[in-house]
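Asks: Below is the file entry.txt, with compact mmCIF, C-alpha atoms.
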# COMPACT_ATOMS: atom_id res chain seq x y z
CA MET Q 1 -17.82 -65.63 29.08
CA ASN Q 2 -19.09 -63.26 31.70
CA ALA Q 3 -15.62 -61.81 32.35
CA LEU Q 4 -15.04 -61.17 28.66
CA ARG Q 5 -18.36 -59.43 28.32
CA ARG Q 6 -17.40 -57.15 31.19
CA ASN Q 7 -14.06 -56.27 29.58
CA VAL Q 8 -15.71 -55.47 26.29
CA LEU Q 9 -18.16 -53.12 27.98
CA LYS Q 10 -15.36 -51.41 29.93
CA GLY Q 11 -13.33 -50.97 26.77
CA ALA Q 12 -16.23 -49.42 24.93
CA ALA Q 13 -16.96 -47.00 27.77
CA GLY Q 14 -13.27 -46.01 27.91
CA ALA Q 15 -13.04 -45.35 24.19
CA GLY Q 16 -16.21 -43.27 24.35
CA ALA Q 17 -14.74 -41.07 27.06
CA VAL Q 18 -11.57 -40.47 25.01
CA ALA Q 19 -13.58 -39.53 21.94
CA VAL Q 20 -15.50 -36.95 23.96
CA ALA Q 21 -12.27 -35.47 25.32
CA VAL Q 22 -10.74 -35.21 21.85
CA ALA Q 23 -13.83 -33.51 20.48
CA ALA Q 24 -13.77 -31.02 23.36
CA GLY Q 25 -10.07 -30.33 22.85
CA LEU Q 26 -10.51 -29.72 19.15
CA LEU Q 27 -13.21 -27.11 19.65
CA LYS Q 28 -11.56 -23.79 18.93
CA PRO Q 29 -13.10 -20.48 19.86
CA THR Q 30 -14.15 -18.76 16.64
CA GLN Q 31 -13.28 -15.11 16.35
CA ALA Q 32 -16.29 -12.85 16.36
CA MET Q 33 -16.30 -10.56 13.34
CA ALA Q 34 -17.94 -7.17 13.53
CA ALA Q 35 -20.73 -6.75 11.00
CA TRP Q 36 -19.84 -4.69 7.93
CA ASN Q 37 -21.39 -1.23 8.21
CA LYS Q 38 -23.53 -1.50 5.05
CA SER Q 39 -25.61 1.66 5.49
CA ALA Q 40 -22.54 3.88 5.98
CA PHE Q 41 -20.74 2.43 2.96
CA GLU Q 42 -23.78 2.76 0.71
CA ALA Q 43 -24.46 6.36 1.76
CA LYS Q 44 -24.45 8.63 -1.28
CA ASN Q 45 -23.25 11.83 0.41
CA VAL Q 46 -20.78 12.84 3.06
CA GLY Q 47 -23.42 13.77 5.64
CA ASP Q 48 -25.08 10.36 5.55
CA ALA Q 49 -21.75 8.55 5.55
CA MET Q 50 -20.61 10.55 8.59
CA LYS Q 51 -23.88 9.74 10.34
CA GLY Q 52 -23.44 6.09 9.44
CA ILE Q 53 -20.11 5.91 11.23
CA GLY Q 54 -21.44 7.86 14.20
CA ALA Q 55 -19.47 11.03 13.48
CA THR Q 56 -21.86 13.91 14.04
CA SER Q 57 -20.38 17.41 14.27
CA PRO Q 58 -16.71 16.45 14.55
CA ALA Q 59 -14.26 19.14 15.67
CA ASP Q 60 -11.52 20.29 13.28
CA SER Q 61 -8.13 19.23 14.53
CA LYS Q 62 -4.62 20.26 13.60
CA ASP Q 63 -3.26 17.08 15.15
CA ILE Q 64 -4.44 15.01 12.21
CA THR Q 65 -2.13 14.94 9.22
CA ILE Q 66 -3.29 13.65 5.86
CA LYS Q 67 -0.48 12.83 3.49
CA ALA Q 68 -1.80 12.62 -0.07
CA PRO Q 69 -0.65 14.01 -3.40
CA ASP Q 70 -1.85 17.54 -4.33
CA ILE Q 71 -2.50 16.29 -7.84
CA ALA Q 72 -3.26 12.64 -8.53
CA GLU Q 73 -2.87 11.74 -12.18
CA ASN Q 74 -4.59 8.41 -11.78
CA GLY Q 75 -7.70 8.44 -9.59
CA ALA Q 76 -7.68 4.64 -9.37
CA VAL Q 77 -4.67 4.66 -7.09
CA VAL Q 78 -4.30 7.61 -4.72
CA PRO Q 79 -1.95 6.95 -1.81
CA VAL Q 80 -3.35 8.34 1.43
CA GLU Q 81 -1.65 8.33 4.80
CA VAL Q 82 -3.41 9.51 7.96
CA THR Q 83 -1.43 10.26 11.10
CA SER Q 84 -3.07 11.42 14.32
CA GLY Q 85 -1.28 12.71 17.37
CA ILE Q 86 -4.45 12.77 19.48
CA ALA Q 87 -4.15 10.63 22.63
CA GLY Q 88 -6.56 7.77 23.25
CA ILE Q 89 -7.31 7.12 19.59
CA THR Q 90 -9.82 4.34 18.92
CA SER Q 91 -10.56 4.64 15.22
CA ILE Q 92 -9.71 6.38 11.94
CA ALA Q 93 -12.16 6.71 9.05
CA ILE Q 94 -11.25 7.89 5.54
CA LEU Q 95 -13.74 9.54 3.16
CA ALA Q 96 -13.39 10.86 -0.39
CA GLU Q 97 -16.09 13.50 -0.33
CA LYS Q 98 -17.17 13.55 -3.96
CA ASN Q 99 -17.10 9.81 -4.61
CA ALA Q 100 -20.49 8.25 -5.41
CA GLN Q 101 -20.08 6.43 -2.11
CA PRO Q 102 -17.86 8.68 0.00
CA LEU Q 103 -16.86 6.28 2.77
CA VAL Q 104 -13.61 4.52 1.92
CA GLY Q 105 -13.00 2.66 5.14
CA THR Q 106 -13.07 2.67 8.91
CA PHE Q 107 -10.12 1.38 10.89
CA ASP Q 108 -10.66 0.46 14.54
CA LEU Q 109 -7.42 0.50 16.48
CA SER Q 110 -6.70 -1.32 19.72
CA GLY Q 111 -3.94 -3.03 21.67
CA GLY Q 112 -1.14 -0.50 21.16
CA ALA Q 113 -1.95 0.35 17.54
CA GLN Q 114 -0.74 3.87 16.75
CA GLY Q 115 -2.79 6.64 15.15
CA PHE Q 116 -1.52 5.81 11.71
CA ILE Q 117 -3.11 4.25 8.62
CA SER Q 118 -1.62 4.13 5.17
CA THR Q 119 -3.54 2.86 2.16
CA ARG Q 120 -4.42 3.56 -1.47
CA ILE Q 121 -7.87 4.72 -2.51
CA LYS Q 122 -9.95 5.33 -5.64
CA MET Q 123 -11.25 8.83 -6.39
CA GLY Q 124 -13.85 9.67 -9.01
CA GLN Q 125 -12.95 13.36 -9.26
CA THR Q 126 -11.15 16.21 -7.55
CA SER Q 127 -12.40 16.44 -3.98
CA LEU Q 128 -11.50 16.70 -0.34
CA VAL Q 129 -10.11 13.62 1.33
CA ARG Q 130 -11.38 13.66 4.88
CA ALA Q 131 -10.10 11.79 7.91
CA VAL Q 132 -12.35 11.31 10.93
CA VAL Q 133 -10.67 10.30 14.16
CA ASN Q 134 -12.36 8.99 17.27
CA ALA Q 135 -10.33 9.53 20.41
CA GLY Q 136 -11.36 9.50 24.03
CA GLY Q 137 -15.06 9.50 23.12
CA LYS Q 138 -14.72 12.62 20.94
CA THR Q 139 -14.67 13.02 17.18
CA TYR Q 140 -12.08 15.04 15.30
CA THR Q 141 -11.64 15.66 11.61
CA ALA Q 142 -9.27 17.11 9.02
CA ALA Q 143 -9.36 17.31 5.22
CA LYS Q 144 -7.01 17.78 2.31
CA GLU Q 145 -7.88 18.52 -1.31
CA VAL Q 146 -6.63 16.13 -3.95
CA LYS Q 147 -6.94 17.13 -7.60
CA VAL Q 148 -7.71 14.19 -9.85
CA THR Q 149 -6.88 14.29 -13.56
CA ILE Q 150 -8.39 10.91 -14.53
CA GLY Q 151 -11.16 9.50 -12.35
CA GLY Q 152 -10.85 6.02 -11.00
CA CYS Q 153 -14.45 5.03 -10.35
CA GLY Q 154 -16.27 3.32 -13.18
CA GLY Q 155 -16.10 4.87 -16.63
CA MET V 1 -9.85 -18.05 -5.44
CA ALA V 2 -7.82 -16.23 -2.88
CA GLN V 3 -4.45 -15.16 -4.19
CA PRO V 4 -1.44 -15.12 -1.86
CA MET V 5 -0.84 -11.89 0.02
CA ARG V 6 2.36 -10.22 1.10
CA ILE V 7 3.12 -9.00 4.58
CA ARG V 8 6.17 -7.41 6.16
CA ALA V 9 6.71 -6.24 9.72
CA THR V 10 9.76 -4.36 10.95
CA MET V 11 10.65 -2.71 14.24
CA ALA V 12 11.41 1.01 14.23
CA GLY V 13 12.32 1.96 17.79
CA ASP V 14 9.55 0.56 20.01
CA VAL V 15 6.98 0.64 17.22
CA ALA V 16 6.31 -2.21 14.82
CA ASP V 17 5.66 -1.04 11.27
CA VAL V 18 3.40 -3.51 9.45
CA LYS V 19 2.81 -3.38 5.69
CA VAL V 20 0.35 -5.66 3.93
CA LEU V 21 -0.40 -6.13 0.23
CA MET V 22 -3.55 -8.08 -0.56
CA ASN V 23 -4.27 -9.49 -4.00
CA HIS V 24 -7.84 -8.61 -4.84
CA PRO V 25 -9.73 -7.11 -7.83
CA MET V 26 -11.74 -4.70 -5.59
CA GLU V 27 -14.63 -4.28 -8.05
CA THR V 28 -17.02 -1.56 -6.90
CA GLY V 29 -20.00 -2.90 -8.81
CA THR V 30 -20.36 0.38 -10.75
CA ARG V 31 -17.74 -0.26 -13.43
CA LYS V 32 -18.84 -1.46 -16.88
CA ASP V 33 -17.11 -4.18 -18.84
CA ALA V 34 -15.56 -2.52 -21.91
CA LYS V 35 -16.60 -5.37 -24.23
CA THR V 36 -20.07 -6.36 -23.09
CA GLY V 37 -21.26 -3.07 -21.59
CA GLN V 38 -22.53 -5.01 -18.60
CA LEU V 39 -21.81 -3.93 -15.05
CA VAL V 40 -19.02 -5.90 -13.46
CA PRO V 41 -20.44 -7.39 -10.26
CA ALA V 42 -19.16 -5.96 -6.99
CA HIS V 43 -16.33 -7.96 -5.51
CA PHE V 44 -14.28 -6.28 -2.82
CA ILE V 45 -12.74 -6.90 0.57
CA THR V 46 -15.06 -5.81 3.36
CA GLU V 47 -13.13 -6.60 6.53
CA VAL V 48 -9.49 -6.73 7.47
CA THR V 49 -8.39 -7.76 10.93
CA ALA V 50 -4.91 -7.86 12.38
CA THR V 51 -3.55 -9.41 15.56
CA VAL V 52 -0.17 -9.28 17.27
CA ASN V 53 0.54 -12.40 19.34
CA GLY V 54 -3.18 -13.20 19.24
CA ALA V 55 -4.31 -9.80 20.55
CA SER V 56 -6.42 -7.68 18.20
CA VAL V 57 -4.76 -4.44 17.04
CA LEU V 58 -6.74 -3.48 13.94
CA ASN V 59 -10.29 -4.12 12.81
CA ALA V 60 -11.01 -2.42 9.51
CA ASN V 61 -14.18 -2.17 7.43
CA ILE V 62 -13.42 -1.12 3.90
CA GLY V 63 -15.49 -0.51 0.78
CA GLY V 64 -15.02 -0.64 -2.97
CA ALA V 65 -13.27 2.74 -2.88
CA VAL V 66 -10.03 1.12 -1.81
CA SER V 67 -7.74 0.56 -4.79
CA LYS V 68 -7.25 -2.75 -6.54
CA ASN V 69 -4.76 -5.01 -4.77
CA PRO V 70 -5.14 -3.06 -1.51
CA TYR V 71 -2.15 -1.84 0.41
CA LEU V 72 -2.49 -1.29 4.12
CA GLY V 73 0.10 0.04 6.49
CA PHE V 74 -0.27 0.43 10.25
CA LYS V 75 1.93 0.83 13.31
CA VAL V 76 1.72 -0.92 16.66
CA LYS V 77 3.53 0.09 19.83
CA GLY V 78 4.66 -2.58 22.24
CA PRO V 79 5.60 -5.76 20.37
CA LYS V 80 9.13 -7.14 20.35
CA ALA V 81 11.16 -8.55 17.48
CA GLY V 82 10.09 -12.15 16.96
CA ASP V 83 6.44 -11.51 17.79
CA LYS V 84 3.89 -12.79 15.32
CA VAL V 85 1.56 -10.59 13.26
CA VAL V 86 -1.46 -12.20 11.59
CA VAL V 87 -3.66 -10.39 9.04
CA ASN V 88 -7.00 -11.79 7.84
CA TRP V 89 -9.43 -10.47 5.27
CA VAL V 90 -12.95 -11.40 4.17
CA ASP V 91 -14.65 -10.18 0.98
CA ASN V 92 -18.28 -9.62 0.05
CA LYS V 93 -18.49 -13.10 -1.48
CA GLY V 94 -17.30 -14.77 1.70
CA ASP V 95 -13.86 -15.49 0.28
CA LYS V 96 -11.07 -15.04 2.81
CA ASN V 97 -7.33 -15.18 3.21
CA SER V 98 -4.77 -14.90 5.95
CA ALA V 99 -1.07 -14.20 6.19
CA GLU V 100 1.38 -14.02 9.03
CA ALA V 101 4.80 -12.54 9.56
CA THR V 102 7.39 -12.45 12.27
CA ILE V 103 8.39 -8.95 13.33
CA GLY V 104 12.03 -8.46 12.44
For the structure just supplied, provide its representation as structure tokens.

Replies:
Amino acid sequence: MNALRRNVLKGAAGAGAVAVAVAAGLLKPTQAMAAWNKSAFEAKNVGDAMKGIGATSPADSKDITIKAPDIAENGAVVPVEVTSGIAGITSIAILAEKNAQPLVGTFDLSGGAQGFISTRIKMGQTSLVRAVVNAGGKTYTAAKEVKVTIGGCGG
Amino acid sequence: MAQPMRIRATMAGDVADVKVLMNHPMETGTRKDAKTGQLVPAHFITEVTATVNGASVLNANIGGAVSKNPYLGFKVKGPKAGDKVVVNWVDNKGDKNSAEATIG
């Protein structure tokens, strides 16, 4: 009886160790998500939105190209393409200056991502579409006017 | 209720061109329902992240000013054909979705 008792104990200890190993192996590192920049997105004017994304007094740059239609018939879908030739780019932000909430989005680039973002945005009325580029610790900007015939925000 | 999303990645020279279409209503929270006159609650994607072979290439914060069913295009230098691109998004209600494509 004694020998059996010993075997049972050994078996239990062994199974316990395996369970621990499995649990450890199954633990996956969860990807840390950056917090959404609420204050910048809820800013009601361009100045506050720029402050919210840390872009104070950006320099005008000819190396940023904004491809957007001159006249957008439908403000709900305005294709915008931002290309930057500035070296060491870390982020691109897009703003529609006269929207109730001007900031459209910020795009942080890393790991070989090129200075290029293409998307579609909503515009409430005719206004400048502004791109803000962070590169090498400096901030650059460029803007292009888009005329909107029918607004795409609310209504 | 996350709808499926579409993703395509192609090589152009040494640069991978990635295009993503996400299915999402992108409600700003300022639009009124035509029938009830009530504001439609905000429901939009807030974060989009993209990785190539597990390494982060894009981390975007977007707001309600991005059009319905958002399109996003970006370019990454370095990857080879056959590498894997994964795009994830999260919305303001905590809903999320993910899609992956092989660069071809």

Asks: Pull out every residue of chain Q sitting within 9 Å of chain V, counting only C-alpha atoms, and send them as a VMD selection string.

Replies: chain Q and resid 33 to 37 41 to 42 76 to 78 81 96 99 101 to 123 152 to 155

Asks: Dump as an MDAnalysis selection string all residues having an atom at most 6 Å from (7.9, -10.8, 14.1), computed in the file's coordinates with all atoms listed in the file.

Replies: chainID V and resid 81:84 101:104

Asks: Step by step, gather every atom of stretch 50-64 of chain V that the file lists, find the box along x, y and z that holds them, add 4 Å on each side, and finally give centre and edge lengths in Å to one decimal, as AutoDock Vina command-line options.

Replies:
--center_x -7.5 --center_y -6.9 --center_z 8.8 --size_x 24.0 --size_y 20.7 --size_z 31.5

Asks: One number please: atom CA of V:Asp91 to atom CA of V:His24, in Å, one decimal.

Replies: 9.1 Å

Asks: Would you mind reading off the distance between atom CA of V:Asp95 and atom CA of V:Phe44, one decimal, in Å?

Replies: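 If I compute the distance from atom CA of V:Asp95 to atom CA of V:Phe44, I get 9.7 Å.
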
Asks: I'd like to know which of V:Glu100, V:Val85, V:Gly54, V:Pro25 is closest to V:Gln3, using only C-alpha atoms.

Replies: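 With only C-alpha atoms as the atom set, the closest residue is V:Pro25.
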
Asks: Calculate how many Å separate atom CA of Q:Ala131 from atom CA of V:Gly94, rounding to one decimal.

Replies: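 These two atoms are separated by 28.2 Å.
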
Asks: Which residues come within 9 Å of V:Pro4, counting only C-alpha atoms, excluding same-chain residues fewer than 5 positions away, as a list of chain:residue names?

Replies: V:Met22, V:Asn23, V:Asn97, V:Ser98, V:Ala99

Asks: Next, write the just-selected residues to a file, as an mmCIF file, in the frame of the given file, keeping C-alpha atoms as the atom set.

Replies:
data_model
loop_
_atom_site.group_PDB
_atom_site.id
_atom_site.type_symbol
_atom_site.label_atom_id
_atom_site.label_comp_id
_atom_site.auth_asym_id
_atom_site.auth_seq_id
_atom_site.Cartn_x
_atom_site.Cartn_y
_atom_site.Cartn_z
ATOM 1 C CA MET V 22 -3.550 -8.080 -0.560
ATOM 2 C CA ASN V 23 -4.270 -9.490 -4.000
ATOM 3 C CA ASN V 97 -7.330 -15.180 3.210
ATOM 4 C CA SER V 98 -4.770 -14.900 5.950
ATOM 5 C CA ALA V 99 -1.070 -14.200 6.190
#

Asks: When distances are computed from all atoms listed in the file, which of V:Gly37, V:Asn53, V:Met26, V:Arg8 shows the smallest separation from V:Lys80?

Replies: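 Closest candidate: V:Asn53.
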